file work.csv (CSV, C-alpha atoms)
chain,number,residue,atom,x,y,z
A,316,MET,CA,25.7,-36.5,39.4
A,317,GLN,CA,25.3,-34.9,36.0
A,318,ASP,CA,23.0,-37.8,34.9
A,319,SER,CA,20.8,-37.3,37.9
A,320,ARG,CA,20.6,-33.5,37.2
A,321,ALA,CA,19.7,-34.2,33.6
A,322,GLU,CA,17.1,-36.7,34.8
A,323,HIS,CA,15.7,-34.1,37.2
A,324,ARG,CA,15.6,-31.6,34.4
A,325,SER,CA,13.8,-34.0,32.1
A,326,GLN,CA,11.4,-34.9,35.0
A,327,ALA,CA,10.8,-31.1,35.5
A,328,SER,CA,10.0,-30.6,31.8
A,329,VAL,CA,7.5,-33.5,32.0
A,330,ASN,CA,5.9,-31.8,35.0
A,331,MET,CA,6.0,-28.4,33.2
A,332,ALA,CA,4.0,-30.0,30.4
A,333,LEU,CA,1.1,-30.8,32.7
A,334,PRO,CA,-0.4,-27.3,32.9
A,335,GLY,CA,-0.6,-27.2,29.1
A,336,HIS,CA,-2.7,-30.4,29.2
A,337,PHE,CA,-4.7,-29.0,32.0
A,338,TYR,CA,-5.6,-25.9,29.9
A,339,LEU,CA,-6.4,-28.1,27.0
A,340,ILE,CA,-8.8,-30.3,29.1
A,341,SER,CA,-10.3,-27.1,30.5
A,342,LEU,CA,-10.8,-25.7,27.0
A,343,VAL,CA,-12.4,-28.9,25.6
A,344,THR,CA,-14.6,-29.1,28.7
A,345,LEU,CA,-15.7,-25.5,28.3
A,346,LEU,CA,-16.4,-26.0,24.6
A,347,ALA,CA,-18.4,-29.2,25.4
A,348,ALA,CA,-20.3,-27.3,28.1
A,349,VAL,CA,-21.2,-24.4,25.7
A,350,LEU,CA,-22.2,-26.9,23.0
A,351,THR,CA,-24.3,-28.9,25.4
A,352,TRP,CA,-25.9,-25.7,26.7
A,353,PHE,CA,-27.0,-24.7,23.2
A,354,ILE,CA,-27.9,-28.2,22.1
A,355,TRP,CA,-30.0,-28.4,25.2
A,356,SER,CA,-32.1,-25.6,23.7
A,357,ALA,CA,-32.4,-27.3,20.4
A,358,PRO,CA,-35.9,-28.7,19.8
A,359,VAL,CA,-34.9,-31.4,17.2
A,360,LEU,CA,-34.8,-34.4,19.5
A,361,PRO,CA,-36.1,-35.3,23.0
A,362,ARG,CA,-33.8,-34.5,25.9
A,363,SER,CA,-33.2,-38.1,26.7
A,364,ILE,CA,-31.5,-38.6,23.4
A,365,TRP,CA,-29.2,-35.6,23.9
A,366,LEU,CA,-28.4,-36.8,27.4
A,367,GLY,CA,-27.7,-40.3,26.3
A,368,GLY,CA,-25.6,-39.1,23.4
A,369,GLY,CA,-23.8,-36.7,25.7
A,370,TRP,CA,-22.9,-39.5,28.1
A,371,VAL,CA,-21.7,-41.8,25.4
A,372,PHE,CA,-19.6,-39.0,23.9
A,373,GLY,CA,-18.2,-38.1,27.3
A,374,VAL,CA,-17.3,-41.6,28.2
A,375,VAL,CA,-15.8,-42.4,24.8
A,376,PHE,CA,-13.8,-39.1,24.8
A,377,TYR,CA,-12.4,-39.4,28.3
A,378,PHE,CA,-11.7,-43.1,28.3
A,379,GLY,CA,-10.2,-42.7,24.8
A,380,ALA,CA,-8.0,-39.8,26.2
A,381,LEU,CA,-6.9,-42.1,29.0
A,382,ARG,CA,-6.3,-45.1,26.7
A,383,TYR,CA,-4.6,-43.2,23.9
A,384,PRO,CA,-3.3,-40.0,25.5
A,385,ASP,CA,-0.6,-39.4,22.9
A,386,LEU,CA,-3.0,-39.7,20.0
A,387,TYR,CA,-5.5,-37.3,21.6
A,388,TRP,CA,-3.0,-34.7,22.7
A,389,ARG,CA,-1.0,-34.9,19.5
A,390,THR,CA,-4.2,-34.3,17.5
A,391,LEU,CA,-5.4,-31.5,19.7
A,392,GLU,CA,-2.0,-29.8,19.8
A,393,ARG,CA,-1.7,-30.2,16.0
A,394,TRP,CA,-5.1,-28.4,15.5
A,395,TYR,CA,-4.1,-25.8,18.0
A,396,HIS,CA,-0.7,-25.1,16.4
A,397,GLU,CA,-2.0,-25.3,12.8
A,398,LEU,CA,-5.0,-23.1,13.4
A,399,GLY,CA,-2.9,-20.8,15.6
A,400,SER,CA,-0.7,-20.1,12.6
A,401,PRO,CA,-2.0,-17.0,10.6
A,402,ARG,CA,-0.5,-18.4,7.4
A,403,TYR,CA,-2.2,-21.8,7.8
A,404,PHE,CA,-5.5,-20.2,8.9
A,405,TYR,CA,-5.4,-17.9,5.9
A,406,ARG,CA,-4.9,-20.7,3.4
A,407,LEU,CA,-7.5,-23.0,5.1
A,408,SER,CA,-10.2,-20.3,5.4
A,409,GLY,CA,-9.7,-19.5,1.7
A,410,LEU,CA,-10.7,-23.0,0.9
A,411,TRP,CA,-13.7,-22.9,3.3
A,412,LEU,CA,-15.1,-19.5,2.3
A,413,PRO,CA,-16.9,-20.3,-1.1
A,414,TRP,CA,-18.7,-23.3,0.5
A,415,LEU,CA,-19.7,-21.3,3.5
A,416,VAL,CA,-21.0,-18.4,1.4
A,417,ALA,CA,-23.1,-20.8,-0.8
A,418,ILE,CA,-24.6,-22.6,2.3
A,419,ALA,CA,-25.3,-19.3,4.1
A,420,VAL,CA,-27.1,-17.8,1.1
A,421,VAL,CA,-29.2,-21.0,0.4
A,422,LEU,CA,-30.2,-21.4,4.1
A,423,CYS,CA,-31.0,-17.7,4.7
A,424,LEU,CA,-33.1,-17.3,1.6
A,425,THR,CA,-35.0,-20.5,2.1
A,426,GLY,CA,-35.6,-19.9,5.8
A,427,LEU,CA,-36.7,-16.2,5.4
A,428,VAL,CA,-38.9,-16.8,2.4
A,429,TRP,CA,-40.5,-19.9,4.0
A,430,GLY,CA,-41.0,-18.1,7.3
A,431,LEU,CA,-42.4,-14.9,5.7
A,432,ALA,CA,-44.6,-16.3,3.0
A,433,PHE,CA,-45.3,-20.0,3.6
A,434,ALA,CA,-45.5,-20.6,7.4
A,435,PRO,CA,-48.9,-20.4,8.9
A,436,PRO,CA,-49.9,-17.5,11.2
A,437,HIS,CA,-49.8,-17.7,15.0
A,438,HIS,CA,-53.2,-18.3,16.6
A,439,GLU,CA,-52.8,-15.3,19.0
A,440,GLN,CA,-50.2,-13.0,17.5
A,441,GLY,CA,-51.3,-13.3,13.9
A,442,ASN,CA,-48.6,-12.4,11.3
A,443,SER,CA,-46.5,-10.3,13.6
A,444,TYR,CA,-44.9,-13.4,15.0
A,445,ARG,CA,-43.0,-13.7,11.6
A,446,ILE,CA,-40.5,-11.3,13.0
A,447,ILE,CA,-39.1,-14.3,15.0
A,448,TYR,CA,-37.5,-15.5,11.8
A,449,LEU,CA,-35.1,-12.6,12.1
A,450,HIS,CA,-35.2,-11.9,15.8
A,451,VAL,CA,-34.4,-15.4,17.2
A,452,PRO,CA,-31.5,-16.1,14.8
A,453,ALA,CA,-30.0,-12.7,15.5
A,454,SER,CA,-30.4,-13.0,19.3
A,455,SER,CA,-28.9,-16.5,19.2
A,456,ALA,CA,-26.0,-15.4,17.0
A,457,ALA,CA,-25.3,-12.4,19.2
A,458,LEU,CA,-25.1,-14.7,22.3
A,459,MET,CA,-23.0,-17.4,20.6
A,460,GLY,CA,-20.7,-14.8,19.1
A,461,TYR,CA,-19.9,-13.4,22.5
A,462,MET,CA,-19.4,-16.9,23.9
A,463,ALA,CA,-16.9,-17.6,21.1
A,464,MET,CA,-15.2,-14.3,21.9
A,465,GLY,CA,-15.0,-15.4,25.6
A,466,VAL,CA,-13.3,-18.7,24.6
A,467,ALA,CA,-10.9,-16.8,22.2
A,468,GLY,CA,-10.2,-14.3,25.0
A,469,LEU,CA,-9.3,-17.1,27.4
A,470,VAL,CA,-7.0,-18.6,24.8
A,471,ALA,CA,-5.4,-15.2,24.1
A,472,LEU,CA,-4.9,-14.4,27.8
A,473,VAL,CA,-3.5,-17.9,28.7
A,474,TRP,CA,-1.4,-18.7,25.6
A,475,ARG,CA,-0.9,-15.2,24.1
A,476,LEU,CA,-2.0,-16.6,20.8
A,477,LYS,CA,-2.1,-13.9,18.1
A,478,MET,CA,-4.9,-15.7,16.1
A,479,ALA,CA,-7.2,-15.7,19.2
A,480,GLU,CA,-6.8,-11.9,19.4
A,481,ILE,CA,-7.5,-11.6,15.6
A,482,MET,CA,-10.6,-13.8,16.0
A,483,ILE,CA,-12.0,-11.5,18.7
A,484,LYS,CA,-11.5,-8.5,16.4
A,485,ALA,CA,-13.2,-10.4,13.6
A,486,ILE,CA,-16.2,-11.6,15.7
A,487,ALA,CA,-17.1,-8.4,17.5
A,488,PRO,CA,-18.6,-6.2,14.6
A,489,PHE,CA,-21.1,-8.8,13.3
A,490,GLY,CA,-22.0,-9.7,16.9
A,491,ALA,CA,-22.8,-6.0,17.6
A,492,VAL,CA,-24.9,-5.9,14.5
A,493,MET,CA,-26.7,-9.1,15.6
A,494,ALA,CA,-27.4,-7.6,19.0
A,495,ALA,CA,-28.7,-4.4,17.4
A,496,VAL,CA,-30.9,-6.4,15.0
A,497,SER,CA,-32.2,-8.4,17.9
A,498,LEU,CA,-33.1,-5.3,19.9
A,499,ILE,CA,-34.7,-3.4,17.0
A,500,SER,CA,-36.7,-6.4,15.7
A,501,GLY,CA,-37.8,-7.2,19.2
A,502,ALA,CA,-38.9,-3.6,19.8
A,503,ILE,CA,-40.9,-3.6,16.6
A,504,TRP,CA,-42.5,-6.9,17.5
A,505,GLY,CA,-43.2,-5.6,21.0
A,506,ARG,CA,-45.4,-2.7,19.8
A,507,PRO,CA,-48.3,-4.8,18.4
A,508,THR,CA,-47.8,-7.6,21.0
A,509,TRP,CA,-47.0,-5.9,24.3
A,510,GLY,CA,-48.3,-2.4,23.3
A,511,THR,CA,-44.8,-0.9,23.8
A,512,TYR,CA,-41.6,-0.7,21.9
A,513,TRP,CA,-39.4,-0.8,25.0
A,514,ILE,CA,-39.6,-1.7,28.7
A,515,TRP,CA,-36.7,-1.9,31.2
A,516,ASP,CA,-37.2,-5.7,31.5
A,517,ALA,CA,-34.4,-8.1,32.6
A,518,ARG,CA,-34.1,-9.8,29.2
A,519,LEU,CA,-34.2,-6.5,27.2
A,520,THR,CA,-31.8,-4.7,29.5
A,521,SER,CA,-29.3,-7.5,29.6
A,522,MET,CA,-29.4,-7.7,25.8
A,523,LEU,CA,-28.8,-3.9,25.6
A,524,ILE,CA,-25.8,-4.5,27.9
A,525,LEU,CA,-24.6,-7.2,25.5
A,526,LEU,CA,-24.7,-4.7,22.7
A,527,PHE,CA,-22.7,-2.2,24.8
A,528,LEU,CA,-20.2,-4.9,25.6
A,529,TYR,CA,-19.7,-5.6,21.9
A,530,LEU,CA,-19.3,-1.9,21.3
A,531,GLY,CA,-16.8,-1.7,24.2
A,532,VAL,CA,-14.7,-4.5,22.8
A,533,ILE,CA,-14.6,-2.7,19.4
A,534,ALA,CA,-13.8,0.7,21.0
A,535,LEU,CA,-11.0,-0.8,23.0
A,536,GLN,CA,-9.4,-2.4,19.9
A,537,ASN,CA,-9.6,1.0,18.2
A,538,ALA,CA,-8.5,3.1,21.1
A,539,ILE,CA,-5.1,1.4,21.8
A,540,ARG,CA,-2.5,1.8,19.1
A,541,ASP,CA,-0.4,-1.3,19.8
A,542,PRO,CA,-2.4,-4.3,18.3
A,543,ARG,CA,-1.1,-6.8,20.9
A,544,GLN,CA,-2.0,-4.5,23.9
A,545,ALA,CA,-5.4,-3.8,22.3
A,546,GLY,CA,-5.9,-7.5,21.8
A,547,ARG,CA,-5.1,-8.2,25.5
A,548,ALA,CA,-7.5,-5.5,26.7
A,549,ALA,CA,-10.2,-6.8,24.4
A,550,SER,CA,-9.6,-10.4,25.5
A,551,LEU,CA,-10.1,-9.4,29.1
A,552,LEU,CA,-13.4,-7.6,28.4
A,553,SER,CA,-14.5,-10.6,26.3
A,554,VAL,CA,-13.9,-13.1,29.1
A,555,VAL,CA,-15.4,-10.9,31.8
A,556,GLY,CA,-18.5,-10.1,29.6
A,557,VAL,CA,-19.4,-13.8,29.3
A,558,ILE,CA,-21.2,-13.5,32.6
A,559,ASN,CA,-23.7,-11.3,30.9
A,560,VAL,CA,-24.4,-14.0,28.3
A,561,VAL,CA,-25.5,-16.3,31.1
A,562,ILE,CA,-27.6,-13.5,32.5
A,563,VAL,CA,-29.3,-12.9,29.2
A,564,ARG,CA,-30.0,-16.6,28.8
A,565,TYR,CA,-31.5,-17.1,32.2
A,566,SER,CA,-33.0,-13.7,32.8
A,567,VAL,CA,-36.5,-14.9,31.9
A,568,ASP,CA,-36.2,-17.7,34.5
A,569,TRP,CA,-34.6,-15.6,37.3
A,570,TRP,CA,-36.8,-12.5,37.1
A,571,GLN,CA,-40.4,-11.7,36.4
A,572,SER,CA,-40.2,-10.8,32.8
A,573,LEU,CA,-42.5,-9.5,30.1
A,574,HIS,CA,-40.4,-11.4,27.6
A,575,GLN,CA,-41.7,-14.9,27.0
A,576,GLY,CA,-39.7,-17.9,28.0
A,577,SER,CA,-37.6,-19.8,25.5
A,578,SER,CA,-40.0,-21.7,23.3
A,579,MET,CA,-37.2,-23.8,22.0
A,580,SER,CA,-36.3,-25.2,25.4
A,581,MET,CA,-39.9,-26.2,26.3
A,582,PHE,CA,-39.7,-29.4,24.4
A,583,GLY,CA,-38.9,-32.0,27.1
A,584,THR,CA,-40.5,-35.3,26.5
A,585,ALA,CA,-43.6,-33.9,24.9
A,586,GLY,CA,-41.6,-32.4,21.9
A,587,SER,CA,-41.2,-28.9,20.8
A,588,ALA,CA,-43.5,-26.1,21.8
A,589,ILE,CA,-43.3,-24.8,18.3
A,590,HIS,CA,-45.2,-26.5,15.5
A,591,PRO,CA,-42.9,-28.2,13.0
A,592,SER,CA,-44.4,-26.0,10.2
A,593,MET,CA,-43.1,-22.9,12.0
A,594,LEU,CA,-40.0,-24.6,13.5
A,595,ALA,CA,-38.4,-25.8,10.2
A,596,PRO,CA,-38.0,-22.3,8.6
A,597,LEU,CA,-36.8,-21.0,12.0
A,598,LEU,CA,-34.0,-23.6,12.2
A,599,LEU,CA,-33.1,-22.9,8.6
A,600,SER,CA,-32.8,-19.1,9.3
A,601,MET,CA,-30.8,-19.8,12.4
A,602,PHE,CA,-28.3,-22.0,10.7
A,603,GLY,CA,-28.2,-19.6,7.7
A,604,ILE,CA,-27.3,-16.7,10.1
A,605,TYR,CA,-24.7,-18.8,11.8
A,606,PHE,CA,-23.1,-19.6,8.5
A,607,LEU,CA,-23.3,-15.9,7.5
A,608,TYR,CA,-21.6,-15.0,10.8
A,609,ALA,CA,-18.8,-17.5,10.0
A,610,VAL,CA,-18.4,-15.9,6.5
A,611,THR,CA,-18.0,-12.4,7.9
A,612,VAL,CA,-15.7,-13.6,10.7
A,613,LEU,CA,-13.4,-15.4,8.2
A,614,VAL,CA,-13.4,-12.4,5.8
A,615,ARG,CA,-12.5,-10.0,8.6
A,616,ALA,CA,-9.9,-12.4,10.1
A,617,ARG,CA,-8.2,-12.8,6.7
A,618,THR,CA,-8.1,-9.0,6.2
A,619,GLU,CA,-6.6,-8.6,9.7
A,620,ILE,CA,-4.0,-11.4,9.1
A,621,LEU,CA,-2.9,-9.8,5.8
A,622,TRP,CA,-2.4,-6.4,7.5
A,623,ARG,CA,-0.7,-7.7,10.6
A,624,GLU,CA,1.6,-10.0,8.6
A,625,ARG,CA,2.2,-7.5,5.8
A,626,LYS,CA,6.0,-7.7,6.3
A,627,SER,CA,6.3,-11.4,5.9
A,628,GLN,CA,7.2,-13.0,2.6
A,629,TRP,CA,4.1,-15.2,2.2
A,630,VAL,CA,1.8,-12.1,2.4
A,631,ARG,CA,3.9,-10.3,-0.2
A,632,GLU,CA,3.5,-13.4,-2.5
A,633,GLU,CA,-0.2,-13.7,-1.7
A,634,VAL,CA,-1.0,-10.1,-2.5
A,635,SER,CA,1.2,-9.5,-5.6
B,870,MET,CA,-47.8,-19.7,-0.4
B,871,TYR,CA,-50.0,-19.1,2.7
B,872,PHE,CA,-51.3,-15.7,1.4
B,873,ASP,CA,-53.7,-15.4,-1.5
B,874,SER,CA,-51.8,-12.7,-3.3
B,875,PHE,CA,-48.6,-10.6,-3.1
B,876,ALA,CA,-50.8,-7.7,-1.9
B,877,ALA,CA,-52.0,-9.8,1.1
B,878,LEU,CA,-48.4,-10.9,1.7
B,879,TRP,CA,-47.4,-7.2,1.8
B,880,GLN,CA,-50.2,-6.2,4.1
B,881,MET,CA,-50.1,-9.3,6.4
B,882,GLY,CA,-53.4,-8.5,7.9
B,883,VAL,CA,-52.6,-5.4,10.0
B,884,HIS,CA,-49.0,-6.4,10.8
B,885,GLY,CA,-47.4,-5.6,7.4
B,886,PRO,CA,-45.7,-2.4,8.5
B,887,PHE,CA,-44.2,-4.1,11.6
B,888,VAL,CA,-43.0,-7.2,9.9
B,889,TRP,CA,-41.5,-5.5,6.8
B,890,SER,CA,-39.9,-2.7,8.7
B,891,ALA,CA,-38.2,-5.1,11.1
B,892,PHE,CA,-37.0,-7.3,8.2
B,893,GLY,CA,-36.0,-4.2,6.1
B,894,ILE,CA,-33.9,-2.7,8.9
B,895,GLY,CA,-32.4,-6.1,9.9
B,896,VAL,CA,-31.5,-7.3,6.5
B,897,ALA,CA,-30.1,-3.8,5.6
B,898,LEU,CA,-27.9,-3.8,8.7
B,899,ILE,CA,-26.6,-7.3,8.0
B,900,LEU,CA,-25.9,-6.6,4.3
B,901,LEU,CA,-24.2,-3.3,5.2
B,902,ASN,CA,-22.0,-5.2,7.7
B,903,VAL,CA,-21.1,-7.9,5.1
B,904,GLY,CA,-20.4,-5.2,2.5
B,905,VAL,CA,-18.1,-3.2,4.9
B,906,ALA,CA,-16.1,-6.4,5.7
B,907,VAL,CA,-15.7,-7.3,2.0
B,908,SER,CA,-14.8,-3.8,0.9
B,909,ARG,CA,-12.2,-3.4,3.8
B,910,GLY,CA,-10.6,-6.6,2.7
B,911,ARG,CA,-10.3,-5.4,-0.9
B,912,ARG,CA,-9.0,-2.0,0.3
B,913,VAL,CA,-6.3,-3.7,2.4
B,914,ARG,CA,-5.2,-5.9,-0.4
B,915,ARG,CA,-5.0,-2.9,-2.8
B,916,ASP,CA,-3.1,-0.9,-0.2
B,917,LEU,CA,-0.6,-3.7,0.4
B,918,LYS,CA,-0.2,-4.1,-3.4
B,919,ASN,CA,0.7,-0.4,-3.7
B,920,ILE,CA,3.1,-0.6,-0.8
B,921,ILE,CA,4.9,-3.6,-2.2
B,922,ARG,CA,5.1,-1.9,-5.7
B,923,ARG,CA,6.5,1.2,-4.2
B,924,GLN,CA,9.1,-0.7,-2.2
B,925,LYS,CA,10.2,-2.6,-5.3
B,926,MET,CA,10.5,0.7,-7.2
B,927,MET,CA,12.7,2.1,-4.4
B,928,GLN,CA,14.9,-1.0,-4.4
B,929,GLU,CA,15.3,-0.7,-8.2
B,930,ARG,CA,16.4,2.9,-8.0
B,931,GLN,CA,18.9,2.1,-5.3
call {"tool": "encode", "arguments": {"input": "work.csv", "output": "structure tokens"}}
result
Amino acid sequence: MQDSRAEHRSQASVNMALPGHFYLISLVTLLAAVLTWFIWSAPVLPRSIWLGGGWVFGVVFYFGALRYPDLYWRTLERWYHELGSPRYFYRLSGLWLPWLVAIAVVLCLTGLVWGLAFAPPHHEQGNSYRIIYLHVPASSAALMGYMAMGVAGLVALVWRLKMAEIMIKAIAPFGAVMAAVSLISGAIWGRPTWGTYWIWDARLTSMLILLFLYLGVIALQNAIRDPRQAGRAASLLSVVGVINVVIVRYSVDWWQSLHQGSSMSMFGTAGSAIHPSMLAPLLLSMFGIYFLYAVTVLVRARTEILWRERKSQWVREEVS
Amino acid sequence: MYFDSFAALWQMGVHGPFVWSAFGIGVALILLNVGVAVSRGRRVRRDLKNIIRRQKMMQERQ
């Protein structure tokens, strides 16, 4: 009788383990979807190669997960637990930071100097188009930052992971700055190109809402005294606000918009709509801004970890 | 360089004021943000160091 109860309990614990795997699959699928979405917009290779590569990766990943489930889940869970530990994250990010700073500085400087001084002018817009070397990376980073906050918010809400809440707090400020830079540089570009700094257009308005969402997340974190409660509130707003990222992305397709369509998605089989001499510095600036974003996120996350874990022994050893 | 001189780079035809003001504001905001993040990190480390030192002194007195 006792054996059968123990067996039942052990069976129940196996069944209880399923939701965790379900969430892991959901998270990996969501990350893959986000990655595919952004890669889809990348002009480097024709769509057929991305599609083929995506299918190969999908098949290998899912059949691999079916064939070697223990290896896959163990690896994923190990990453999850290790990166979810503030102490481990602090140590690991300390190793990454110098490399990220060096890469960010080199890419940003090369991309901006190339774009401003060496790229040829646009045949219609003249030299005013050079603002895209700041505007496009900033817009893209603002959108990606909010998507990252959405994923972190989901993890924080489902697993109550402290590191996910810390990451939202670390991502939000630079995201807000990126959204502001995108709006300001876009407005300045709009004056010589459209004849106006601002218009209540779908793309511009949804980008303004994105800035307000970032500011809302920051305000929530500062308005609530208890960091865990503040983290949960900010996580919820991060997850809900992701819908606006989709609206920003597709606003130029869904509504009549003064804002041009995405040049970097108009590559198809014919290649990129942007000439390689203009595209190369743009890609360098974009990756430079992404790396700079990563640097600020890690710096902020490390500060937050030190403060939240200030009573633990390892922080005392680290600081003194 | 695409431009003949630094003066031409500065003027960019008629678009110099637009391009340079956009880059000036954007780069300033980005650097300000990075600076704030780094300085807050240093301040927190300094504060924690002071707190730990005070606690040690209190323990020694007791």
call {"tool": "closest_atom_pairs", "arguments": {"input": "work.csv", "of": "chain B", "to": "chain A", "cutoff": "9 Å", "atoms": "only C-alpha atoms", "output": "CSV"}}
result
residue,atom,partner,partner_atom,distance
B:Met870,CA,A:Phe433,CA,4.7
B:Tyr871,CA,A:Phe433,CA,4.9
B:Phe872,CA,A:Ala432,CA,6.9
B:Leu878,CA,A:Ala432,CA,6.7
B:Met881,CA,A:Asn442,CA,6.0
B:Gly882,CA,A:Asn442,CA,7.1
B:Val883,CA,A:Asn442,CA,8.2
B:His884,CA,A:Ser443,CA,5.4
B:Gly885,CA,A:Ser443,CA,7.8
B:Phe887,CA,A:Ile503,CA,6.0
B:Val888,CA,A:Ile446,CA,5.7
B:Trp889,CA,A:Ile446,CA,8.5
B:Ser890,CA,A:Ile503,CA,8.0
B:Ala891,CA,A:Ser500,CA,5.0
B:Phe892,CA,A:Leu449,CA,6.8
B:Ile894,CA,A:Val496,CA,7.7
B:Gly895,CA,A:Val496,CA,5.3
B:Val896,CA,A:Leu449,CA,8.5
B:Leu898,CA,A:Val492,CA,6.9
B:Ile899,CA,A:Val492,CA,6.9
B:Asn902,CA,A:Phe489,CA,6.7
B:Val903,CA,A:Thr611,CA,6.1
B:Ala906,CA,A:Arg615,CA,5.9
B:Val907,CA,A:Val614,CA,6.8
B:Arg909,CA,A:Thr618,CA,7.3
B:Gly910,CA,A:Thr618,CA,4.9
B:Arg911,CA,A:Thr618,CA,8.3
B:Val913,CA,A:Thr618,CA,6.8
B:Arg914,CA,A:Val634,CA,6.3
B:Arg915,CA,A:Val634,CA,8.2
B:Leu917,CA,A:Val634,CA,7.0
B:Lys918,CA,A:Ser635,CA,6.0
B:Ile921,CA,A:Arg631,CA,7.1
B:Arg922,CA,A:Ser635,CA,8.5
call {"tool": "atom_distance", "arguments": {"input": "work.csv", "atom1": "CA of Val421 (chain A)", "atom2": "CA of Gly603 (chain A)"}}
result
7.5 Å
call {"tool": "residues_around", "arguments": {"input": "work.csv", "residues": "Leu552 (chain A)", "least_positions_apart": "5", "cutoff": "12 Å", "atoms": "all atoms listed in the file", "output": "PyMOL selection string"}}
result
chain A and resi 461-462+464-469+471-472+480+483+487+525+527-536+545-547+557-559
call {"tool": "residues_around", "arguments": {"input": "work.csv", "residues": "region 560-562 of chain A", "least_positions_apart": "5", "cutoff": "12 Å", "atoms": "all atoms listed in the file", "output": "MDAnalysis selection string"}}
result
chainID A and resid 349 352:353 454:465 494 517:526 528:529 553:555 567:570
call {"tool": "atom_distance", "arguments": {"input": "work.csv", "atom1": "CA of Leu424 (chain A)", "atom2": "CA of Leu594 (chain A)"}}
result
15.6 Å
call {"tool": "atom_distance", "arguments": {"input": "work.csv", "atom1": "CA of Met601 (chain A)", "atom2": "CA of Ala876 (chain B)"}}
result
27.4 Å
